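Okay, final_29.pdb now, which holds PDB, C-alpha atoms:
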MODEL        1
ATOM      1  CA  MET R1283      -9.397  -0.292   5.037
ATOM      2  CA  ALA R1284      -6.884   2.544   5.268
ATOM      3  CA  CYS R1285      -5.886   1.265   8.717
ATOM      4  CA  SER R1286      -5.437  -2.286   7.419
ATOM      5  CA  LEU R1287      -3.415  -1.127   4.412
ATOM      6  CA  GLY R1288      -1.435   1.650   6.092
ATOM      7  CA  GLY R1289      -1.253   0.127   9.552
ATOM      8  CA  ILE R1290      -0.708  -3.575   8.878
ATOM      9  CA  ALA R1291       0.474  -3.943   5.292
ATOM     10  CA  ILE R1292       2.907  -1.023   5.426
ATOM     11  CA  TRP R1293       3.802  -0.050   8.995
ATOM     12  CA  CYS R1294       3.720  -3.450  10.716
ATOM     13  CA  MET R1295       5.474  -5.077   7.762
ATOM     14  CA  HIS R1296       8.252  -2.487   7.967
ATOM     15  CA  PHE R1297       9.060  -2.907  11.646
ATOM     16  CA  ILE R1298       8.596  -6.674  11.640
ATOM     17  CA  GLY R1299      10.951  -6.778   8.654
ATOM     18  CA  MET R1300      13.405  -4.506  10.461
ATOM     19  CA  ALA R1301      13.485  -6.985  13.336
ATOM     20  CA  ALA R1302      15.337  -9.276  10.931
ATOM     21  CA  VAL R1303      18.150  -6.716  10.626
ATOM     22  CA  THR R1304      21.290  -7.449  12.642
ATOM     23  CA  LEU R1305      24.171  -4.975  12.555
ATOM     24  CA  LYS R1306      27.689  -5.970  13.578
ATOM     25  CA  ASN R1307      30.885  -3.987  14.070
ATOM     26  CA  GLN R1308      34.403  -4.859  12.914
ATOM     27  CA  LYS R1309      34.733  -7.249  15.881
ATOM     28  CA  SER R1310      31.547  -9.088  14.848
ATOM     29  CA  GLU R1311      29.805  -7.744  17.938
ATOM     30  CA  ILE R1312      26.091  -7.028  17.577
ATOM     31  CA  ILE R1313      25.260  -3.327  17.466
ATOM     32  CA  GLU R1314      22.286  -2.342  19.588
ATOM     33  CA  ILE R1315      19.446  -0.702  17.631
ATOM     34  CA  ASP R1316      16.792   1.556  19.154
ATOM     35  CA  TYR R1317      13.957   3.514  17.573
ATOM     36  CA  ARG R1318      12.754   7.036  18.235
ATOM     37  CA  ILE R1319       9.166   6.913  19.491
ATOM     38  CA  ASP R1320       8.140  10.242  17.920
ATOM     39  CA  LEU R1321       9.293   9.304  14.425
ATOM     40  CA  THR R1322       7.900   5.780  14.756
ATOM     41  CA  VAL R1323       4.424   7.097  15.615
ATOM     42  CA  THR R1324       4.714   9.717  12.867
ATOM     43  CA  SER R1325       5.482   7.008  10.312
ATOM     44  CA  LEU R1326       2.316   5.118  11.336
ATOM     45  CA  CYS R1327       0.167   8.238  10.961
ATOM     46  CA  VAL R1328       1.707   9.066   7.575
ATOM     47  CA  SER R1329       1.047   5.577   6.182
ATOM     48  CA  ILE R1330      -2.595   5.496   7.330
ATOM     49  CA  VAL R1331      -3.427   9.040   6.197
ATOM     50  CA  SER R1332      -1.796   8.642   2.769
ATOM     51  CA  CYS R1333      -3.621   5.348   2.170
ATOM     52  CA  LEU R1334      -6.887   6.950   3.295
ATOM     53  CA  ILE R1335      -6.412   9.773   0.784
ATOM     54  CA  GLY R1336      -5.473   7.323  -1.976
ATOM     55  CA  LEU R1337      -8.523   5.132  -1.345
ATOM     56  CA  TRP R1338     -10.785   8.194  -1.088
ATOM     57  CA  ILE R1339      -9.576   9.429  -4.478
ATOM     58  CA  CYS R1340      -9.921   6.030  -6.172
ATOM     59  CA  ALA R1341     -13.430   5.553  -4.764
ATOM     60  CA  ARG R1342     -14.468   8.403  -7.067
ATOM     61  CA  ASP R1343     -13.353   6.590 -10.205
ATOM     62  CA  LYS R1344     -16.038   6.459 -12.899
ATOM     63  CA  SER R1345     -16.247   2.653 -13.017
ATOM     64  CA  PHE R1346     -16.441   2.263  -9.259
ATOM     65  CA  THR R1347     -19.226   4.812  -8.753
ATOM     66  CA  LYS R1348     -21.559   3.597 -11.531
ATOM     67  CA  ASP R1349     -24.040   0.749 -11.402
ATOM     68  CA  LYS R1350     -24.400  -1.970 -14.036
ATOM     69  CA  LYS R1351     -26.942  -0.069 -16.169
ATOM     70  CA  GLU R1352     -24.760   3.034 -16.297
ATOM     71  CA  LYS R1353     -21.734   0.968 -17.320
ATOM     72  CA  ILE R1354     -23.673  -0.716 -20.132
ATOM     73  CA  LYS R1355     -24.833   2.703 -21.313
ATOM     74  CA  ASP R1356     -21.214   3.916 -21.384
ATOM     75  CA  TYR R1357     -20.141   0.961 -23.533
ATOM     76  CA  ILE R1358     -23.041   1.574 -25.913
ATOM     77  CA  ASN R1359     -21.932   5.196 -26.276
ATOM     78  CA  LEU R1360     -18.382   4.025 -26.995
ATOM     79  CA  LEU R1361     -19.671   1.718 -29.723
ATOM     80  CA  LYS R1362     -21.671   4.577 -31.264
ATOM     81  CA  GLN R1363     -18.427   6.516 -31.688
ATOM     82  CA  LYS R1364     -16.929   3.732 -33.805
ATOM     83  CA  THR R1365     -17.446   3.065 -37.494
ATOM     84  CA  ILE R1366     -19.230  -0.061 -38.751
ATOM     85  CA  GLY R1367     -15.892  -1.483 -39.876
ATOM     86  CA  GLU R1368     -14.354  -0.962 -36.422
ATOM     87  CA  ILE R1369     -17.341  -2.624 -34.766
ATOM     88  CA  ARG R1370     -17.068  -5.634 -37.078
ATOM     89  CA  ASN R1371     -13.394  -6.005 -36.159
ATOM     90  CA  ILE R1372     -14.333  -6.491 -32.514
ATOM     91  CA  LYS R1373     -14.055 -10.264 -32.223
ATOM     92  CA  ASP R1374     -14.167 -10.603 -28.459
ATOM     93  CA  LYS R1375     -16.399  -8.415 -26.282
ATOM     94  CA  ASN R1376     -14.189  -9.056 -23.220
ATOM     95  CA  VAL R1377     -11.155  -7.668 -25.059
ATOM     96  CA  PHE R1378     -13.164  -4.577 -25.980
ATOM     97  CA  ILE R1379     -14.250  -4.122 -22.358
ATOM     98  CA  LEU R1380     -10.723  -4.585 -21.015
ATOM     99  CA  GLU R1381      -9.284  -2.104 -23.514
ATOM    100  CA  ASN R1382     -11.739   0.536 -22.302
ATOM    101  CA  LEU R1383     -10.825  -0.109 -18.687
ATOM    102  CA  PHE R1384      -7.585   1.774 -19.405
ATOM    103  CA  ILE R1385      -9.408   4.948 -20.439
ATOM    104  CA  ASP R1386      -9.237   7.910 -18.013
ATOM    105  CA  VAL R1387      -7.095   6.185 -15.406
ATOM    106  CA  HIS R1388      -5.746   9.478 -14.070
ATOM    107  CA  ILE R1389      -7.866   9.214 -10.912
ATOM    108  CA  LEU R1390      -6.502   5.732 -10.177
ATOM    109  CA  ALA R1391      -2.974   6.917 -10.963
ATOM    110  CA  LEU R1392      -3.395   9.797  -8.501
ATOM    111  CA  GLY R1393      -4.754   7.485  -5.817
ATOM    112  CA  GLY R1394      -1.995   4.955  -6.433
ATOM    113  CA  THR R1395       0.578   7.748  -6.225
ATOM    114  CA  CYS R1396      -0.765   8.832  -2.823
ATOM    115  CA  ALA R1397      -0.553   5.263  -1.509
ATOM    116  CA  ALA R1398       2.939   4.835  -2.978
ATOM    117  CA  ILE R1399       4.062   8.084  -1.379
ATOM    118  CA  GLY R1400       2.735   6.742   1.917
ATOM    119  CA  VAL R1401       4.762   3.549   1.522
ATOM    120  CA  CYS R1402       7.947   5.444   0.668
ATOM    121  CA  VAL R1403       7.649   8.233   3.230
ATOM    122  CA  MET R1404       6.722   5.775   5.979
ATOM    123  CA  HIS R1405       9.723   3.604   5.118
ATOM    124  CA  TYR R1406      12.287   6.382   5.160
ATOM    125  CA  ILE R1407      10.841   8.004   8.285
ATOM    126  CA  GLY R1408      11.025   4.566   9.904
ATOM    127  CA  MET R1409      14.647   4.258   8.818
ATOM    128  CA  GLU R1410      15.388   7.742  10.159
ATOM    129  CA  ALA R1411      13.958   6.600  13.502
ATOM    130  CA  MET R1412      16.816   4.094  13.859
ATOM    131  CA  ILE R1413      19.325   5.020  16.555
ATOM    132  CA  PHE R1414      22.625   3.134  16.653
ATOM    133  CA  LYS R1415      26.344   3.836  16.847
ATOM    134  CA  GLY R1416      26.788   4.995  13.295
ATOM    135  CA  HIS R1417      24.767   6.438  10.448
ATOM    136  CA  ILE R1418      23.221   5.443   7.125
ATOM    137  CA  VAL R1419      24.625   6.380   3.719
ATOM    138  CA  TRP R1420      21.992   6.263   0.980
ATOM    139  CA  SER R1421      22.247   5.376  -2.713
ATOM    140  CA  PRO R1422      20.042   7.839  -4.682
ATOM    141  CA  GLY R1423      19.693   5.502  -7.678
ATOM    142  CA  ILE R1424      18.321   2.604  -5.625
ATOM    143  CA  ILE R1425      16.026   4.969  -3.711
ATOM    144  CA  THR R1426      14.585   6.121  -7.048
ATOM    145  CA  ALA R1427      14.057   2.486  -8.079
ATOM    146  CA  SER R1428      12.201   1.776  -4.818
ATOM    147  CA  VAL R1429       9.871   4.726  -5.435
ATOM    148  CA  ILE R1430       9.151   3.589  -9.008
ATOM    149  CA  ILE R1431       8.338   0.056  -7.803
ATOM    150  CA  ALA R1432       5.889   1.448  -5.244
ATOM    151  CA  LEU R1433       4.220   3.745  -7.804
ATOM    152  CA  ILE R1434       3.711   1.073 -10.468
ATOM    153  CA  ALA R1435       2.586  -1.728  -8.134
ATOM    154  CA  ALA R1436       0.250   0.443  -6.018
ATOM    155  CA  THR R1437      -1.432   1.919  -9.103
ATOM    156  CA  ALA R1438      -1.835  -1.546 -10.642
ATOM    157  CA  ALA R1439      -3.385  -2.860  -7.415
ATOM    158  CA  PHE R1440      -5.865   0.026  -7.278
ATOM    159  CA  TRP R1441      -6.714  -0.464 -10.972
ATOM    160  CA  ILE R1442      -7.663  -4.080 -10.284
ATOM    161  CA  MET R1443      -9.566  -3.133  -7.128
ATOM    162  CA  PHE R1444     -11.546  -0.192  -8.490
ATOM    163  CA  ARG R1445     -11.851  -1.034 -12.202
ATOM    164  CA  LEU R1446     -11.806  -4.814 -12.707
ATOM    165  CA  LEU R1447     -13.623  -5.636  -9.466
ATOM    166  CA  ALA R1448     -16.236  -2.986 -10.231
ATOM    167  CA  LEU R1449     -16.934  -4.793 -13.502
ATOM    168  CA  TYR R1450     -16.492  -8.374 -12.248
ATOM    169  CA  PRO R1451     -17.476  -8.206  -8.540
ATOM    170  CA  ASN R1452     -17.898 -11.975  -8.213
ATOM    171  CA  TYR R1453     -14.342 -12.814  -9.280
ATOM    172  CA  GLU R1454     -12.614 -13.491  -5.967
ATOM    173  CA  SER R1455      -9.329 -14.098  -7.788
ATOM    174  CA  LEU R1456      -9.227 -10.393  -8.619
ATOM    175  CA  ARG R1457      -9.328  -9.508  -4.919
ATOM    176  CA  VAL R1458      -6.488 -11.915  -4.289
ATOM    177  CA  GLY R1459      -4.570 -10.497  -7.250
ATOM    178  CA  SER R1460      -5.024  -6.931  -6.015
ATOM    179  CA  ALA R1461      -3.793  -7.912  -2.538
ATOM    180  CA  VAL R1462      -0.774  -9.748  -3.965
ATOM    181  CA  ILE R1463       0.225  -6.804  -6.157
ATOM    182  CA  MET R1464      -0.158  -4.360  -3.269
ATOM    183  CA  SER R1465       2.030  -6.616  -1.128
ATOM    184  CA  LEU R1466       4.604  -6.496  -3.928
ATOM    185  CA  ALA R1467       4.444  -2.703  -3.782
ATOM    186  CA  VAL R1468       5.077  -2.694  -0.034
ATOM    187  CA  ASN R1469       7.666  -5.464   0.143
ATOM    188  CA  GLY R1470       9.370  -4.557  -3.137
ATOM    189  CA  MET R1471       9.746  -0.945  -2.059
ATOM    190  CA  HIS R1472      10.892  -1.928   1.437
ATOM    191  CA  TYR R1473      13.652  -4.338   0.466
ATOM    192  CA  THR R1474      14.771  -2.245  -2.496
ATOM    193  CA  GLY R1475      14.965   0.701  -0.110
ATOM    194  CA  MET R1476      16.965  -1.420   2.319
ATOM    195  CA  GLY R1477      19.360  -2.168  -0.529
ATOM    196  CA  ALA R1478      19.935   1.584  -0.830
ATOM    197  CA  ALA R1479      21.149   1.793   2.776
ATOM    198  CA  LYS R1480      24.762   1.335   3.806
ATOM    199  CA  PHE R1481      25.245   1.207   7.577
ATOM    200  CA  GLN R1482      28.481   2.738   8.792
ATOM    201  CA  TYR R1483      29.648   2.075  12.351
ATOM    202  CA  TYR R1484      31.224   4.712  14.605
ATOM    203  CA  GLU R1485      32.176   3.485  18.064
ATOM    204  CA  ASP R1486      32.536   6.981  19.501
ATOM    205  CA  LYS R1487      29.172   8.275  18.308
ATOM    206  CA  VAL R1488      27.170   9.830  21.150
ATOM    207  CA  ASN R1489      23.393   9.420  21.200
ATOM    208  CA  LYS R1490      21.750  12.759  22.001
ATOM    209  CA  ILE R1491      18.184  11.393  21.976
ATOM    210  CA  PRO R1492      16.745  11.049  25.528
ATOM    211  CA  ASN R1493      16.005   7.476  26.601
ATOM    212  CA  SER R1494      12.380   8.433  27.254
ATOM    213  CA  ASN R1495      11.982   8.868  23.483
ATOM    214  CA  LEU R1496      13.531   5.499  22.588
ATOM    215  CA  ILE R1497      12.316   1.916  22.350
ATOM    216  CA  SER R1498      14.447  -1.138  21.686
ATOM    217  CA  GLN R1499      14.249  -3.224  18.513
ATOM    218  CA  SER R1500      12.525  -6.059  20.377
ATOM    219  CA  VAL R1501       9.897  -3.709  21.815
ATOM    220  CA  ALA R1502       9.314  -2.219  18.351
ATOM    221  CA  LEU R1503       8.648  -5.744  17.069
ATOM    222  CA  GLU R1504       6.220  -6.477  19.902
ATOM    223  CA  VAL R1505       4.375  -3.187  19.358
ATOM    224  CA  SER R1506       4.116  -3.872  15.606
ATOM    225  CA  ILE R1507       2.587  -7.289  16.204
ATOM    226  CA  LEU R1508       0.216  -5.876  18.836
ATOM    227  CA  VAL R1509      -0.924  -3.044  16.524
ATOM    228  CA  GLY R1510      -1.502  -5.571  13.733
ATOM    229  CA  VAL R1511      -3.610  -7.817  15.980
ATOM    230  CA  ILE R1512      -5.691  -4.864  17.228
ATOM    231  CA  ILE R1513      -6.380  -3.613  13.687
ATOM    232  CA  VAL R1514      -7.347  -7.106  12.494
ATOM    233  CA  PHE R1515      -9.706  -7.439  15.477
ATOM    234  CA  LEU R1516     -11.347  -4.083  14.710
ATOM    235  CA  MET R1517     -11.657  -5.043  11.029
ATOM    236  CA  LEU R1518     -13.461  -8.243  12.009
ATOM    237  CA  ILE R1519     -15.902  -6.267  14.152
ATOM    238  CA  VAL R1520     -16.644  -3.882  11.270
ATOM    239  CA  ALA R1521     -17.007  -6.782   8.808
ATOM    240  CA  ILE R1522     -19.439  -8.618  11.111
ATOM    241  CA  ALA R1523     -21.460  -5.415  11.565
ATOM    242  CA  ASP R1524     -21.651  -4.960   7.774
ATOM    243  CA  ILE R1525     -22.768  -8.562   7.277
ATOM    244  CA  ARG R1526     -25.460  -8.194   9.960
ATOM    245  CA  SER R1527     -26.675  -4.954   8.370
ATOM    246  CA  TRP R1528     -26.783  -6.564   4.927
ATOM    247  CA  TYR R1529     -28.654  -9.596   6.321
ATOM    248  CA  TYR R1530     -31.313  -7.515   8.090
ATOM    249  CA  ASN R1531     -31.837  -5.391   4.979
ATOM    250  CA  LEU R1532     -32.761  -8.562   3.099
ATOM    251  CA  GLN R1533     -35.554  -9.335   5.534
TER     252      GLN R1533
ENDMDL
END
Transcribe the structure of this file into structure tokens.
Amino acid sequence: MACSLGGIAIWCMHFIGMAAVTLKNQKSEIIEIDYRIDLTVTSLCVSIVSCLIGLWICARDKSFTKDKKEKIKDYINLLKQKTIGEIRNIKDKNVFILENLFIDVHILALGGTCAAIGVCVMHYIGMEAMIFKGHIVWSPGIITASVIIALIAATAAFWIMFRLLALYPNYESLRVGSAVIMSLAVNGMHYTGMGAAKFQYYEDKVNKIPNSNLISQSVALEVSILVGVIIVFLMLIVAIADIRSWYYNLQ
């Protein structure tokens, strides 16, 4: 899952999105863009590792690790702490349950922060990997906004995944909602971060990076698509193996 989130959702999205970037000089001539291989690979590793840590942390959340009986026992204990008047004021049990899903969310916040850091660090390492005749001037305010977007959206996605889905595992719409919100974290951070970048062209700039450590923008796009396809293929293999194991355990 960390590979699918960090590898496809974050890394592949970034470099496929960057393939849409076209830089032009004052003469409207297209500026050639290359990417440093070392930083590009580093950005992939950072995104996968940070997502792995975030998922590992969230998997230890109290709602995710308890079975149905333990959860019911927790809600009974919460009711015991309330007065008779407070209990009578509870008109909808679902509202009561949802309200308590926001208790002790520090683990989810920490996991969401790790994933958000992965999104942000991967993005700016990926941007640093760009080699062209010029440099990038950054807007600190917009960078801060991109980080906040990633933090809020990633934490919200993990809350749905590890709290709501733990309570309502048969609600497929929650899985879709979690995926949509996480995609907002990735895409929102990416394009907000791109808005913080101002590309300045310098015709006389000399590239000191050896060609052996560079790949073109088109090759970066092809590699991103290839990595995405490989990860999806491996995910399908793992999913099929899990289904087979679950099926044989029922026998």
**Message:** Which residues would end up in the selection if the PyMOL selection byres ((chain R and resi 1441-1451) around 10) were applied here, given that I need the answer as a VMD selection string?
**Reply:** chain R and resid 1337 1340 to 1350 1353 1379 to 1380 1383 to 1384 1387 1389 to 1391 1393 to 1394 1435 to 1440 1452 to 1461 1463
So that I have them on file, write out the residues from the current selection with C-alpha atoms, as an mmCIF file, keeping the file's coordinate frame.
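Printed below is out.cif as written:
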data_model
loop_
_atom_site.group_PDB
_atom_site.id
_atom_site.type_symbol
_atom_site.label_atom_id
_atom_site.label_comp_id
_atom_site.auth_asym_id
_atom_site.auth_seq_id
_atom_site.Cartn_x
_atom_site.Cartn_y
_atom_site.Cartn_z
ATOM 1 C CA LEU R 1337 -8.523 5.132 -1.345
ATOM 2 C CA CYS R 1340 -9.921 6.030 -6.172
ATOM 3 C CA ALA R 1341 -13.430 5.553 -4.764
ATOM 4 C CA ARG R 1342 -14.468 8.403 -7.067
ATOM 5 C CA ASP R 1343 -13.353 6.590 -10.205
ATOM 6 C CA LYS R 1344 -16.038 6.459 -12.899
ATOM 7 C CA SER R 1345 -16.247 2.653 -13.017
ATOM 8 C CA PHE R 1346 -16.441 2.263 -9.259
ATOM 9 C CA THR R 1347 -19.226 4.812 -8.753
ATOM 10 C CA LYS R 1348 -21.559 3.597 -11.531
ATOM 11 C CA ASP R 1349 -24.040 0.749 -11.402
ATOM 12 C CA LYS R 1350 -24.400 -1.970 -14.036
ATOM 13 C CA LYS R 1353 -21.734 0.968 -17.320
ATOM 14 C CA ILE R 1379 -14.250 -4.122 -22.358
ATOM 15 C CA LEU R 1380 -10.723 -4.585 -21.015
ATOM 16 C CA LEU R 1383 -10.825 -0.109 -18.687
ATOM 17 C CA PHE R 1384 -7.585 1.774 -19.405
ATOM 18 C CA VAL R 1387 -7.095 6.185 -15.406
ATOM 19 C CA ILE R 1389 -7.866 9.214 -10.912
ATOM 20 C CA LEU R 1390 -6.502 5.732 -10.177
ATOM 21 C CA ALA R 1391 -2.974 6.917 -10.963
ATOM 22 C CA GLY R 1393 -4.754 7.485 -5.817
ATOM 23 C CA GLY R 1394 -1.995 4.955 -6.433
ATOM 24 C CA ALA R 1435 2.586 -1.728 -8.134
ATOM 25 C CA ALA R 1436 0.250 0.443 -6.018
ATOM 26 C CA THR R 1437 -1.432 1.919 -9.103
ATOM 27 C CA ALA R 1438 -1.835 -1.546 -10.642
ATOM 28 C CA ALA R 1439 -3.385 -2.860 -7.415
ATOM 29 C CA PHE R 1440 -5.865 0.026 -7.278
ATOM 30 C CA ASN R 1452 -17.898 -11.975 -8.213
ATOM 31 C CA TYR R 1453 -14.342 -12.814 -9.280
ATOM 32 C CA GLU R 1454 -12.614 -13.491 -5.967
ATOM 33 C CA SER R 1455 -9.329 -14.098 -7.788
ATOM 34 C CA LEU R 1456 -9.227 -10.393 -8.619
ATOM 35 C CA ARG R 1457 -9.328 -9.508 -4.919
ATOM 36 C CA VAL R 1458 -6.488 -11.915 -4.289
ATOM 37 C CA GLY R 1459 -4.570 -10.497 -7.250
ATOM 38 C CA SER R 1460 -5.024 -6.931 -6.015
ATOM 39 C CA ALA R 1461 -3.793 -7.912 -2.538
ATOM 40 C CA ILE R 1463 0.225 -6.804 -6.157
#
**Request:** For Ser1498 of chain R, please output as a list in words all residues within 9 Å (counting all atoms listed in the file; exclusion window: fewer than 6 positions along the same chain).
**Result:**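 My reading of the contact set: Glu1314, Ile1315, Asp1316 and Tyr1317 of chain R.
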Could you write out the selected residues, including C-alpha atoms, as an mmCIF file, in the coordinates of the input?
data_model
loop_
_atom_site.group_PDB
_atom_site.id
_atom_site.type_symbol
_atom_site.label_atom_id
_atom_site.label_comp_id
_atom_site.auth_asym_id
_atom_site.auth_seq_id
_atom_site.Cartn_x
_atom_site.Cartn_y
_atom_site.Cartn_z
ATOM 1 C CA GLU R 1314 22.286 -2.342 19.588
ATOM 2 C CA ILE R 1315 19.446 -0.702 17.631
ATOM 3 C CA ASP R 1316 16.792 1.556 19.154
ATOM 4 C CA TYR R 1317 13.957 3.514 17.573
#
**Asked** Of the candidates R:Lys1415, R:Ile1424, R:Gly1299, R:Ile1319, which one gets nearest to Glu1485 of chain R if we count all atoms listed in the file?
**Response**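 Closest to Glu1485 of chain R of all the choices is R:Lys1415.
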**Request:** Using the chain letters and numbering of this document, enumerate as a PyMOL selection string the residues selected by the PyMOL selection byres ((chain R and resi 1502) around 12).
**Result:** chain R and resi 1293-1302+1315-1319+1322-1323+1408+1411-1412+1496-1501+1503-1509
**Prompt:** atom CA of Val1468 of chain R to atom CA of Ile1312 of chain R: how many Å, to one decimal?
**Reply:** 27.8 Å
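Of the listed residues (R:Gly1475, R:Gly1470, R:Gly1416, R:Pro1422), R:Gly1470 comes nearest to Ile1434 of chain R; the distances count only C-alpha atoms.
Among R:His1417, R:His1405, R:Arg1526, R:Lys1309, the residue with the shortest atom-to-atom distance to Lys1480 of chain R, counting all atoms listed in the file, is R:His1417.
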**Request:** Using only C-alpha atoms, determine which residues lie at most 8 Å from Ala1432 of chain R, disregarding the query and same-chain residues fewer than 4 positions distant; provide the list as a PyMOL selection string.
**Result:** chain R and resi 1398-1399+1401-1402+1428+1436+1467-1468+1470-1471
**Output check: residues returned by the PyMOL selection byres ((chain R and resi 1335) around 10), as a PyMOL selection string** = chain R and resi 1284+1330-1334+1336-1341+1392-1394+1396-1397+1400
**Asked** In Å, with one decimal, what is the gap from atom CA of Lys1306 of chain R to atom CA of Trp1420 of chain R?
**Response**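 Pair atom CA of Lys1306 of chain R / atom CA of Trp1420 of chain R returns 18.5 Å.
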**Item:** Interatomic distance (Å, one decimal) between atom CA of Ile1431 of chain R and atom CA of Leu1287 of chain R
**Value:**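 For atom CA of Ile1431 of chain R relative to atom CA of Leu1287 of chain R, the distance reads 17.0 Å.
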**Message:** My list of candidates is R:Ser1329, R:Thr1426, R:Ser1465, R:Ser1494. Which is closest to Gly1477 of chain R when distances are computed with all atoms listed in the file?
**Reply:**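 When distances to Gly1477 of chain R are compared using all atoms listed in the file, the smallest one comes from R:Thr1426.
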**Message:** Taking only C-alpha atoms into account, name the residue in R:Asn1489, R:Val1514, R:His1388, R:Phe1414 that is nearest to Thr1304 of chain R.
**Reply:**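 So, comparing all the options, the nearest one is R:Phe1414.
Using only C-alpha atoms for every distance, the candidate list R:Ser1421, R:Thr1395, R:Thr1324, R:Ser1286 yields R:Ser1421 as the residue closest to Phe1481 of chain R.
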Emit as lines of an AutoDock Vina configuration file the padded axis-aligned box for all listed atoms of segment 1474-1481 of chain R, 8 Å per side, with centre and edge lengths in Å to one decimal.
center_x = 20.0
center_y = -0.2
center_z = 2.5
size_x = 26.5
size_y = 20.0
size_z = 26.1
